[in-house]
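Peer 1: Dropping in entry_13.csv, with CSV, C-alpha atoms.
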chain,number,residue,atom,x,y,z
V,23,MET,CA,61.7,100.1,74.1
V,24,SER,CA,59.3,102.9,73.2
V,25,LEU,CA,60.2,106.6,73.3
V,26,LEU,CA,58.6,107.2,76.7
V,27,GLN,CA,60.3,104.1,78.1
V,28,LYS,CA,63.6,105.6,77.1
V,29,LEU,CA,62.7,108.7,79.1
V,30,ASP,CA,61.8,106.5,82.1
V,31,ALA,CA,65.1,104.7,81.9
V,32,ALA,CA,66.9,108.1,82.0
V,33,ARG,CA,64.8,109.2,84.9
V,34,ASP,CA,65.7,105.9,86.8
V,35,PHE,CA,69.4,106.7,86.3
V,36,GLN,CA,68.9,110.2,87.8
V,37,ASP,CA,67.0,108.6,90.7
V,38,GLN,CA,69.9,106.2,91.3
V,39,LEU,CA,72.2,109.2,91.6
V,40,GLY,CA,69.8,110.9,93.9
V,41,GLN,CA,69.8,107.8,96.2
V,42,LEU,CA,73.5,108.3,96.7
V,43,GLY,CA,72.5,111.3,98.7
V,44,VAL,CA,74.3,114.0,96.7
V,45,ASN,CA,73.5,116.6,94.0
V,46,ALA,CA,76.6,116.3,92.0
V,47,ILE,CA,75.0,116.3,88.5
V,48,GLY,CA,74.5,119.8,87.4
V,49,ALA,CA,75.2,121.4,90.7
V,50,THR,CA,74.5,125.1,90.4
V,51,ILE,CA,77.7,127.1,90.9
V,52,ASP,CA,77.7,130.9,91.5
V,53,VAL,CA,81.0,132.3,90.1
V,54,THR,CA,81.6,136.0,90.7
V,55,GLY,CA,84.9,137.6,90.0
V,56,SER,CA,87.2,134.6,90.5
V,57,ALA,CA,88.6,131.8,88.4
V,58,THR,CA,89.1,129.6,91.5
V,59,GLU,CA,86.3,130.4,93.9
V,60,GLY,CA,82.5,130.2,93.8
V,61,LYS,CA,79.5,129.4,95.9
V,62,ILE,CA,77.3,126.2,95.9
V,63,GLU,CA,74.0,126.6,97.8
V,64,GLY,CA,75.5,129.7,99.4
V,65,LYS,CA,78.6,127.9,100.6
V,66,ARG,CA,82.0,129.3,99.5
V,67,VAL,CA,84.1,126.6,97.7
V,68,ILE,CA,87.4,126.4,96.0
V,69,LEU,CA,86.7,125.4,92.4
V,70,ALA,CA,88.9,122.4,91.6
V,71,GLY,CA,86.8,120.8,88.8
V,72,THR,CA,86.6,123.4,86.0
V,73,ASN,CA,89.3,122.7,83.3
V,74,ASN,CA,90.3,126.4,83.7
V,75,TYR,CA,93.9,125.4,83.4
V,76,LEU,CA,95.5,128.8,83.0
V,77,GLY,CA,92.8,130.7,84.9
V,78,LEU,CA,92.0,133.0,82.0
V,79,THR,CA,88.2,133.3,82.5
V,80,PHE,CA,88.8,136.4,84.5
V,81,ASP,CA,91.9,137.7,82.7
V,82,PRO,CA,91.5,141.5,82.4
V,83,ALA,CA,92.5,141.6,78.7
V,84,CYS,CA,90.1,138.8,77.8
V,85,ILE,CA,87.2,140.4,79.7
V,86,GLU,CA,87.9,143.8,78.1
V,87,ALA,CA,88.1,142.3,74.6
V,88,ALA,CA,84.8,140.5,75.1
V,89,ALA,CA,83.1,143.6,76.5
V,90,GLN,CA,84.3,145.8,73.6
V,91,ALA,CA,83.2,143.2,71.0
V,92,VAL,CA,79.7,143.0,72.4
V,93,ARG,CA,79.4,146.7,72.5
V,94,THR,CA,80.6,147.1,68.9
V,95,HIS,CA,79.2,144.0,67.2
V,96,GLY,CA,76.3,142.9,69.3
V,97,THR,CA,75.3,139.8,71.2
V,98,GLY,CA,75.3,137.3,68.3
V,99,THR,CA,75.6,136.7,64.5
V,100,THR,CA,72.3,135.0,64.1
V,101,GLY,CA,73.7,132.9,61.2
V,102,SER,CA,76.0,130.1,60.2
V,103,ARG,CA,79.6,130.7,58.9
V,104,LEU,CA,78.5,130.1,55.3
V,105,ALA,CA,75.6,132.6,55.6
V,106,ASN,CA,76.1,135.8,57.5
V,107,GLY,CA,78.1,134.4,60.4
V,108,THR,CA,81.6,135.1,59.4
V,109,TYR,CA,82.7,138.4,60.9
V,110,ALA,CA,86.2,139.8,60.6
V,111,GLY,CA,87.0,138.5,64.1
V,112,HIS,CA,86.2,134.9,63.0
V,113,ALA,CA,88.6,135.1,60.1
V,114,ALA,CA,91.2,136.8,62.2
V,115,LEU,CA,91.0,134.1,64.9
V,116,GLU,CA,91.5,131.3,62.3
V,117,ARG,CA,94.6,133.1,60.9
V,118,GLU,CA,96.0,133.6,64.4
V,119,LEU,CA,95.3,130.0,65.3
V,120,SER,CA,97.0,128.8,62.1
V,121,ALA,CA,100.0,131.1,62.7
V,122,PHE,CA,100.3,129.9,66.4
V,123,LEU,CA,100.1,126.2,65.5
V,124,GLY,CA,102.2,126.5,62.4
V,125,THR,CA,99.4,124.9,60.3
V,126,ARG,CA,98.4,125.4,56.6
V,127,SER,CA,94.9,126.4,57.7
V,128,ALA,CA,92.5,126.2,60.6
V,129,ILE,CA,88.7,126.1,61.0
V,130,ALA,CA,87.0,127.4,64.1
V,131,PHE,CA,83.8,125.8,65.4
V,132,THR,CA,81.2,126.8,68.1
V,133,THR,CA,82.3,124.1,70.5
V,134,GLY,CA,85.1,121.5,70.7
V,135,TYR,CA,82.5,118.7,70.6
V,136,VAL,CA,81.3,120.0,67.3
V,137,ALA,CA,84.9,120.3,66.0
V,138,ASN,CA,85.5,116.6,66.5
V,139,VAL,CA,82.1,115.6,65.2
V,140,GLY,CA,82.5,117.7,62.1
V,141,ALA,CA,86.1,116.9,61.3
V,142,ILE,CA,85.9,113.2,61.8
V,143,SER,CA,82.6,112.6,60.1
V,144,THR,CA,83.9,114.5,57.0
V,145,LEU,CA,87.4,113.1,56.8
V,146,ALA,CA,86.2,109.5,56.8
V,147,GLY,CA,83.3,107.9,55.1
V,148,PRO,CA,81.8,104.6,53.8
V,149,GLY,CA,84.6,102.3,52.7
V,150,ASP,CA,87.1,104.0,55.0
V,151,VAL,CA,88.3,102.8,58.4
V,152,ILE,CA,88.5,104.6,61.7
V,153,MET,CA,90.8,103.2,64.4
V,154,LEU,CA,90.3,104.9,67.7
V,155,ASP,CA,91.5,104.6,71.3
V,156,ALA,CA,89.0,102.8,73.4
V,157,ASP,CA,88.9,105.6,76.0
V,158,SER,CA,88.2,108.3,73.4
V,159,HIS,CA,85.8,111.2,74.2
V,160,ALA,CA,82.2,110.9,73.3
V,161,SER,CA,82.5,113.5,70.5
V,162,ILE,CA,85.1,111.2,68.8
V,163,TYR,CA,82.8,108.2,68.9
V,164,GLU,CA,79.9,110.4,67.7
V,165,GLY,CA,81.9,111.7,64.7
V,166,ALA,CA,83.1,108.2,63.9
V,167,LYS,CA,79.6,106.9,63.9
V,168,LEU,CA,78.3,109.7,61.7
V,169,SER,CA,81.1,109.1,59.2
V,170,GLY,CA,79.7,105.7,58.0
V,171,ALA,CA,83.2,104.3,58.1
V,172,GLU,CA,84.1,101.0,59.7
V,173,ILE,CA,85.1,101.6,63.3
V,174,TYR,CA,87.6,99.6,65.3
V,175,ARG,CA,88.9,100.2,68.8
V,176,PHE,CA,92.4,99.5,70.1
V,177,ARG,CA,93.4,99.2,73.8
V,178,HIS,CA,93.8,102.5,75.6
V,179,ASN,CA,97.3,104.0,75.1
V,180,ASP,CA,98.6,100.8,73.6
V,181,PRO,CA,100.8,101.3,70.5
V,182,ALA,CA,101.4,97.5,70.2
V,183,ASP,CA,97.7,96.8,70.0
V,184,LEU,CA,97.3,99.5,67.4
V,185,ASP,CA,100.2,98.0,65.4
V,186,LYS,CA,98.6,94.6,65.5
V,187,ARG,CA,95.2,95.9,64.2
V,188,LEU,CA,96.7,98.0,61.5
V,189,ARG,CA,98.8,95.1,60.3
V,190,ARG,CA,95.6,93.1,59.8
V,191,LEU,CA,94.2,95.9,57.6
V,192,GLY,CA,97.0,95.6,55.1
V,193,ASP,CA,96.5,97.9,52.1
V,194,ARG,CA,93.4,99.4,53.7
V,195,CYS,CA,95.7,101.4,56.0
V,196,ALA,CA,95.8,104.0,53.2
V,197,ARG,CA,92.1,104.6,53.9
V,198,THR,CA,92.4,104.5,57.7
V,199,LEU,CA,92.2,107.4,60.2
V,200,VAL,CA,93.7,106.7,63.6
V,201,ILE,CA,92.4,108.9,66.4
V,202,VAL,CA,94.1,109.5,69.8
V,203,GLU,CA,94.0,112.2,72.5
V,204,SER,CA,96.9,113.9,74.1
V,205,LEU,CA,95.8,114.1,77.7
V,206,TYR,CA,92.8,112.1,78.7
V,207,SER,CA,90.2,114.1,80.7
V,208,MET,CA,89.0,111.4,83.1
V,209,LEU,CA,92.2,109.9,84.5
V,210,GLY,CA,94.7,112.5,83.5
V,211,ASP,CA,96.9,110.0,81.6
V,212,VAL,CA,99.1,111.2,78.7
V,213,ALA,CA,99.3,109.3,75.4
V,214,PRO,CA,102.6,107.8,74.2
V,215,LEU,CA,102.2,110.0,71.1
V,216,ASP,CA,105.6,109.5,69.7
V,217,GLN,CA,105.1,105.7,69.6
V,218,PHE,CA,101.7,106.1,68.0
V,219,CYS,CA,103.2,108.3,65.3
V,220,GLU,CA,105.8,105.7,64.5
V,221,VAL,CA,103.2,103.0,64.2
V,222,VAL,CA,100.8,105.0,62.0
V,223,LYS,CA,103.6,106.2,59.7
V,224,ARG,CA,105.0,102.7,59.3
V,225,HIS,CA,101.6,101.4,58.1
V,226,GLY,CA,100.8,104.4,55.9
V,227,ALA,CA,97.7,105.4,57.8
V,228,PHE,CA,96.6,109.0,59.0
V,229,LEU,CA,96.6,110.3,62.5
V,230,LEU,CA,94.2,112.8,64.1
V,231,LEU,CA,95.1,114.1,67.5
V,232,ASP,CA,92.5,115.5,69.8
V,233,ASP,CA,94.6,118.1,71.7
V,234,ALA,CA,91.8,119.5,73.9
V,235,HIS,CA,93.5,119.0,77.2
V,236,SER,CA,97.2,119.6,76.4
V,237,PHE,CA,96.7,122.7,74.2
V,238,GLY,CA,98.0,125.7,76.1
V,239,ILE,CA,99.7,123.8,78.9
V,240,MET,CA,102.3,121.6,77.3
V,241,GLY,CA,105.2,122.6,75.0
V,242,GLU,CA,107.5,125.6,75.2
V,243,THR,CA,105.0,127.8,73.6
V,244,GLY,CA,101.9,125.9,74.7
V,245,ARG,CA,101.1,124.2,71.4
V,246,GLY,CA,100.5,120.9,73.2
V,247,LEU,CA,101.9,117.5,73.7
V,248,ALA,CA,103.2,117.2,70.1
V,249,GLU,CA,105.3,120.3,70.6
V,250,ALA,CA,106.6,119.0,73.9
V,251,LEU,CA,107.7,115.8,72.1
V,252,GLY,CA,109.1,117.6,69.0
V,253,ILE,CA,106.8,115.7,66.6
V,254,GLU,CA,104.3,118.3,65.4
V,255,ASP,CA,105.1,117.6,61.8
V,256,GLU,CA,104.2,114.0,62.1
V,257,ILE,CA,100.5,114.7,63.0
V,258,ASP,CA,98.1,114.8,60.1
V,259,PHE,CA,95.2,116.6,61.7
V,260,VAL,CA,94.6,118.2,65.1
V,261,THR,CA,91.5,119.2,66.9
V,262,GLY,CA,91.1,121.2,70.0
V,263,THR,CA,88.9,123.4,72.2
V,264,PHE,CA,88.7,126.9,73.5
V,265,SER,CA,86.9,125.9,76.7
V,266,LYS,CA,89.9,124.7,78.6
V,267,SER,CA,93.2,126.7,78.6
V,268,LEU,CA,91.6,129.6,76.6
V,269,GLY,CA,88.8,130.1,79.1
V,270,SER,CA,85.9,130.6,76.6
V,271,VAL,CA,84.0,128.2,74.3
V,272,GLY,CA,84.6,126.9,70.8
V,273,GLY,CA,86.9,124.5,69.0
V,274,PHE,CA,89.2,124.1,66.0
V,275,PHE,CA,90.4,121.8,63.3
V,276,ALA,CA,93.8,122.3,61.7
V,277,SER,CA,96.7,120.6,59.9
V,278,ARG,CA,100.3,121.2,59.2
V,279,LYS,CA,100.3,118.6,56.4
V,280,HIS,CA,97.1,119.3,54.6
V,281,ASP,CA,94.9,122.3,53.7
V,282,VAL,CA,91.7,121.7,55.5
V,283,ALA,CA,90.0,125.0,54.4
V,284,PRO,CA,88.2,123.5,51.4
V,285,LEU,CA,86.3,121.2,53.8
V,286,ARG,CA,84.3,124.2,55.0
V,287,SER,CA,81.7,123.5,52.4
V,288,GLN,CA,81.5,119.8,53.3
V,289,ILE,CA,81.4,119.8,57.2
V,290,ARG,CA,77.8,119.8,58.1
V,291,ALA,CA,78.5,120.6,61.7
V,292,TYR,CA,80.2,123.8,60.4
V,293,MET,CA,77.7,124.6,57.7
V,294,PHE,CA,74.5,124.3,59.6
V,295,THR,CA,75.1,125.8,63.0
V,296,ALA,CA,75.2,129.4,64.2
V,297,SER,CA,78.7,130.9,64.4
V,298,SER,CA,80.3,131.9,67.7
V,299,THR,CA,79.3,135.3,69.2
V,300,PRO,CA,81.6,138.2,68.6
V,301,SER,CA,82.4,138.5,72.4
V,302,VAL,CA,83.5,134.8,72.5
V,303,ILE,CA,85.7,135.2,69.5
V,304,ALA,CA,87.3,138.4,70.9
V,305,SER,CA,88.1,136.8,74.3
V,306,THR,CA,89.5,133.7,72.6
V,307,ARG,CA,91.8,135.8,70.5
V,308,ALA,CA,93.0,137.7,73.6
V,309,ALA,CA,93.5,134.4,75.5
V,310,LEU,CA,95.5,132.9,72.6
V,311,LYS,CA,97.9,135.8,72.9
V,312,ARG,CA,98.2,135.1,76.6
V,313,VAL,CA,99.0,131.4,75.9
V,314,ALA,CA,101.8,132.4,73.5
V,315,GLN,CA,103.3,134.5,76.3
V,316,GLY,CA,102.3,132.3,79.1
V,317,GLN,CA,105.3,130.3,80.2
V,318,ALA,CA,105.0,131.6,83.7
V,319,LEU,CA,101.3,130.5,83.8
V,320,ARG,CA,102.3,127.0,82.6
V,321,SER,CA,105.1,126.8,85.2
V,322,GLN,CA,102.7,127.7,88.0
V,323,LEU,CA,100.1,125.2,86.8
V,324,TRP,CA,102.6,122.3,86.8
V,325,LYS,CA,103.9,123.4,90.2
V,326,ASN,CA,100.3,123.1,91.5
V,327,CYS,CA,99.8,119.8,89.8
V,328,GLN,CA,102.9,118.3,91.4
V,329,ARG,CA,102.0,119.6,94.9
V,330,VAL,CA,98.5,118.2,94.9
V,331,HIS,CA,99.6,114.9,93.4
V,332,GLU,CA,102.3,114.5,96.1
V,333,GLY,CA,99.8,115.5,98.8
V,334,LEU,CA,97.1,113.0,97.7
V,335,THR,CA,99.7,110.2,97.3
V,336,SER,CA,101.0,110.8,100.8
V,337,LEU,CA,97.4,110.5,102.1
V,338,GLY,CA,97.1,107.1,100.5
V,339,PHE,CA,94.8,107.9,97.6
V,340,LYS,CA,95.0,105.6,94.6
V,341,LEU,CA,95.5,108.0,91.7
V,342,GLY,CA,94.8,107.4,88.0
V,343,ALA,CA,98.0,108.7,86.5
V,344,ALA,CA,101.2,110.7,86.9
V,345,PRO,CA,101.0,114.4,87.8
V,346,SER,CA,98.9,116.4,85.3
V,347,PRO,CA,96.2,119.1,85.6
V,348,VAL,CA,93.7,116.3,85.9
V,349,ILE,CA,94.1,114.2,89.1
V,350,ALA,CA,91.7,111.3,89.5
V,351,SER,CA,91.2,109.6,92.8
V,352,LEU,CA,89.9,106.0,92.2
V,353,MET,CA,87.1,104.9,94.5
V,354,ASP,CA,85.9,101.4,95.4
V,355,SER,CA,82.2,102.0,94.4
V,356,PRO,CA,79.8,104.7,93.3
V,357,GLU,CA,78.5,105.0,96.8
V,358,GLN,CA,82.0,105.6,98.2
V,359,ALA,CA,82.7,108.1,95.5
V,360,ALA,CA,79.5,110.0,96.2
V,361,ALA,CA,80.2,110.1,99.9
V,362,ALA,CA,83.7,111.3,99.3
V,363,TRP,CA,82.5,114.0,96.9
V,364,GLN,CA,80.0,115.3,99.5
V,365,ALA,CA,82.8,115.2,102.2
V,366,LEU,CA,85.0,117.3,100.0
V,367,LEU,CA,82.2,119.8,99.3
V,368,ASP,CA,81.5,120.0,103.1
V,369,ALA,CA,85.2,120.8,103.4
V,370,GLY,CA,84.9,123.7,100.9
V,371,VAL,CA,86.4,122.0,97.8
V,372,TYR,CA,84.4,121.3,94.6
V,373,VAL,CA,85.6,118.6,92.3
V,374,ASN,CA,83.8,116.4,89.7
V,375,LEU,CA,82.0,113.2,90.7
V,376,VAL,CA,82.4,110.6,88.0
V,377,VAL,CA,80.5,107.3,88.2
V,378,PRO,CA,79.4,104.7,85.7
V,379,PRO,CA,78.5,104.9,82.9
V,380,GLY,CA,80.3,108.2,82.5
V,381,ALA,CA,83.7,106.9,83.5
V,382,PRO,CA,86.1,104.7,81.6
V,383,LYS,CA,86.1,101.0,82.5
V,384,ASN,CA,83.1,101.6,84.8
V,385,LEU,CA,85.3,103.3,87.3
V,386,SER,CA,84.1,105.5,90.1
V,387,LEU,CA,86.3,108.5,90.9
V,388,LEU,CA,86.8,112.0,92.1
V,389,ARG,CA,88.2,114.2,89.3
V,390,CYS,CA,90.2,117.2,90.5
V,391,SER,CA,91.4,119.7,87.9
V,392,LEU,CA,93.9,122.4,88.7
V,393,SER,CA,94.6,125.9,87.5
V,394,ALA,CA,97.5,128.2,87.4
V,395,ALA,CA,95.3,130.7,89.2
V,396,HIS,CA,95.1,128.5,92.3
V,397,THR,CA,97.2,130.1,95.0
V,398,ASP,CA,99.5,128.2,97.3
V,399,GLU,CA,97.0,128.6,100.1
V,400,GLN,CA,94.2,127.2,97.9
V,401,VAL,CA,96.4,124.3,96.9
V,402,GLU,CA,96.9,123.5,100.6
V,403,GLN,CA,93.2,123.8,101.2
V,404,ILE,CA,92.5,121.3,98.5
V,405,ILE,CA,94.9,118.8,100.1
V,406,GLU,CA,93.3,119.5,103.5
V,407,GLY,CA,89.9,118.8,102.0
V,408,TYR,CA,91.1,115.4,100.8
V,409,ALA,CA,92.5,114.7,104.3
V,410,ALA,CA,89.1,115.5,105.7
V,411,VAL,CA,87.6,112.9,103.3
V,412,ALA,CA,89.8,110.2,104.7
V,413,GLN,CA,88.9,111.2,108.3
V,414,ARG,CA,85.2,111.4,107.6
V,415,LEU,CA,84.8,108.2,105.6
V,416,PHE,CA,87.3,105.9,107.2
V,417,ASP,CA,88.1,107.5,110.6
V,418,GLN,CA,91.7,107.4,109.8
V,419,PRO,CA,94.6,109.8,110.7
V,420,ARG,CA,95.2,112.4,108.0
V,421,ALA,CA,98.6,110.9,107.1
V,422,ALA,CA,97.3,107.4,106.3
V,423,ALA,CA,94.1,106.8,104.3
V,424,SER,CA,95.0,103.2,103.6
V,425,ALA,CA,91.4,102.2,102.6
V,426,TYR,CA,92.0,104.0,99.3
V,427,ALA,CA,95.2,102.2,98.5
So that I can check it, write out the structure of this file as structure tokens.
Peer 2:
Amino acid sequence: MSLLQKLDAARDFQDQLGQLGVNAIGATIDVTGSATEGKIEGKRVILAGTNNYLGLTFDPACIEAAAQAVRTHGTGTTGSRLANGTYAGHAALERELSAFLGTRSAIAFTTGYVANVGAISTLAGPGDVIMLDADSHASIYEGAKLSGAEIYRFRHNDPADLDKRLRRLGDRCARTLVIVESLYSMLGDVAPLDQFCEVVKRHGAFLLLDDAHSFGIMGETGRGLAEALGIEDEIDFVTGTFSKSLGSVGGFFASRKHDVAPLRSQIRAYMFTASSTPSVIASTRAALKRVAQGQALRSQLWKNCQRVHEGLTSLGFKLGAAPSPVIASLMDSPEQAAAAWQALLDAGVYVNLVVPPGAPKNLSLLRCSLSAAHTDEQVEQIIEGYAAVAQRLFDQPRAAASAYA
């Protein structure tokens, strides 16, 4: 396939989405003054597909910190961290992250994607082995590929399958990096992390946890799934993002067991990209303080999750997992998913449309993500929107959308 033929193939895929009759890919959203409301094509919608789990994008302290930083330090650093791109704020954020997580050190990146690519491709190399969950994020696959290590997949959230594959490696486990996520972003399912830790420890391998979606929302202080399970000291490495619970953009790489700081001069994704803008760093630092004090926000978030999960279950939707901030409704086909997405949008609720090849196992689904900032009224409006989907697509009473079951 030539270069231009590849472009044609990509265009054909976009055309296929267009034939579904919706504009779900890259829909332009006008957000003004609210973490939970916006406009799409001039229509007011409730935002239920943003990963803004704690609603901190419009937190007054975060906004003021960002505004003050841009006035004082300008709009950008114009350089990488190893050149002129390390300001006092960057160093302070890393110290504060490390203190919050209880790690020996932490490295901040411009995005969570880059954090995974950089950390994984540097930790492992030729002669090493990477064992990753089959449903891992694209950034994990990309980092593994760039590392040059041998790559093996184990069945999603299956400690027994991981155990079998590590057993086959024998002594090579000492050079094996196992990678799992805490909360998976498409279906909202949570990893059996304590079981994974036991398997990895027994075989003498190393474990990297991508904590992007549980950071800030799980655990007594918001440190994530490992804190909630009381097993933080069993995790070798952790990566995460600022673009979910912290409401900004960026990522991190840290460890309780190992000092990762010397890798700054080895991680190409850190060395050769511009550092985060001062305003982003400032708002992230302010958000991190809110997370540390944010038990009330976490409680409200999980209350909203439970209510929506119960509501969609009562309507007959087939859901991807137990209650979490990500609630995926499984559809029979891409066409059905697209029609359901449009029906929700018409009802004033914006969620994410996910169709192959972007979904795990070639599923088609509607991905709803909830926020602590959603009011009780908005939560009920989200549920009413899903009820309207059942009526519009299947001409069913609101209490029984059995075609989804």
Peer 1: Return the single residue from V:Ala283, V:Val139, V:Ile62, V:Ile85 that is closest to V:Ser127, with distances computed using only C-alpha atoms.
Peer 2: V:Ala283
Peer 1: Calculate how many Å separate atom CA of V:Ala83 from atom CA of V:Gln315, rounding to one decimal.
Peer 2: 13.1 Å
Peer 1: With distances taken over all atoms listed in the file, which residue among V:Ala171, V:Cys219, V:Val271, V:Ala160 lies nearest V:Gly252?
Peer 2: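 Checking each candidate against V:Gly252, we get V:Cys219 as the closest.
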Peer 1: I need the residue nearest V:Gly149 from this list: V:His331, V:Lys311, V:Arg194, V:Lys383. Use all atoms listed in the file for the distance.
Peer 2: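 Using all atoms listed in the file, the shortest distance to V:Gly149 belongs to V:Arg194.
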Peer 1: Just the residues within 8 Å of stretch 273-282 of chain V, please, counting all atoms listed in the file, with nothing from its chain fewer than 4 positions along; format it as an MDAnalysis selection string.
Peer 2: chainID V and resid 120 124:138 141 254:255 257:265 286
Peer 1: Excluding same-chain residues fewer than 5 positions from V:Val313, what lies within 12 Å of it counting only C-alpha atoms, as a ChimeraX atom specification?
Peer 2: /V:75-78,81,84,119,122-123,236-246,264,266-269,306-308,318-320
Peer 1: Need the shell around V:Ile253: protein/DNA/RNA residues with any atom at most 9 Å away, counting only C-alpha atoms. Skip same-chain ones fewer than 4 positions apart. Format as a PyMOL selection string?
Peer 2: chain V and resi 215-216+219+247-249+257
Peer 1: Counting all atoms listed in the file, which residues of stretch 129-245 of chain V sit at most 12 Å from some atom of stretch 384-407 of chain V, and what is each one's closest atom pair with its distance in Å to one decimal, listed by chain and rising residue number, as CSV?
Peer 2:
residue,atom,partner,partner_atom,distance
V:Asp157,CA,V:Asn384,CA,11.3
V:Tyr206,CA,V:Arg389,CA,11.7
V:Ser207,CA,V:Arg389,CA,8.8
V:Met208,CA,V:Arg389,CA,6.8
V:Leu209,CA,V:Arg389,CA,7.6
V:Gly210,CA,V:Arg389,CA,8.9
V:His235,CA,V:Ser391,CA,10.9
V:Gly238,CA,V:Ala394,CA,11.6
V:Ile239,CA,V:Ala394,CA,9.8
Peer 1: One number please: atom CA of V:Tyr174 to atom CA of V:Leu188, in Å, one decimal.
Peer 2: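 Answer for the atom CA of V:Tyr174 to atom CA of V:Leu188 separation: 10.0 Å.
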Peer 1: When you look at V:Asp155 with a cut-off of 8 Å (counting all atoms listed in the file), what residues show up, excluding the ones that are within fewer than 3 positions of it in the same chain? I need them as JSON, numbers by chain.
Peer 2: {"V": [158, 175, 176, 177, 178, 179, 201, 202]}
Peer 1: Could you tell me how far atom CA of V:Asp233 sits from atom CA of V:Pro300, in Å to one decimal place?
Peer 2: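 We find that atom CA of V:Pro300 and atom CA of V:Asp233 lie 24.1 Å from each other.
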Peer 1: If we count all atoms listed in the file, what is near V:Asp180 at a cut-off of 10 Å, once residues fewer than 4 positions away on the same chain are taken out, given as number ranges by chain?
Peer 2: V: 155-156, 176, 184-185, 213-214, 217-218
Peer 1: Rank V:Ser346, V:Ile303, V:Phe339, V:Gly107 by their smallest atom-to-atom distance to V:Trp324, using only C-alpha atoms, and report the top residue only.
Peer 2: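 Between V:Ser346, V:Ile303, V:Phe339, V:Gly107, the residue approaching V:Trp324 most closely is V:Ser346.
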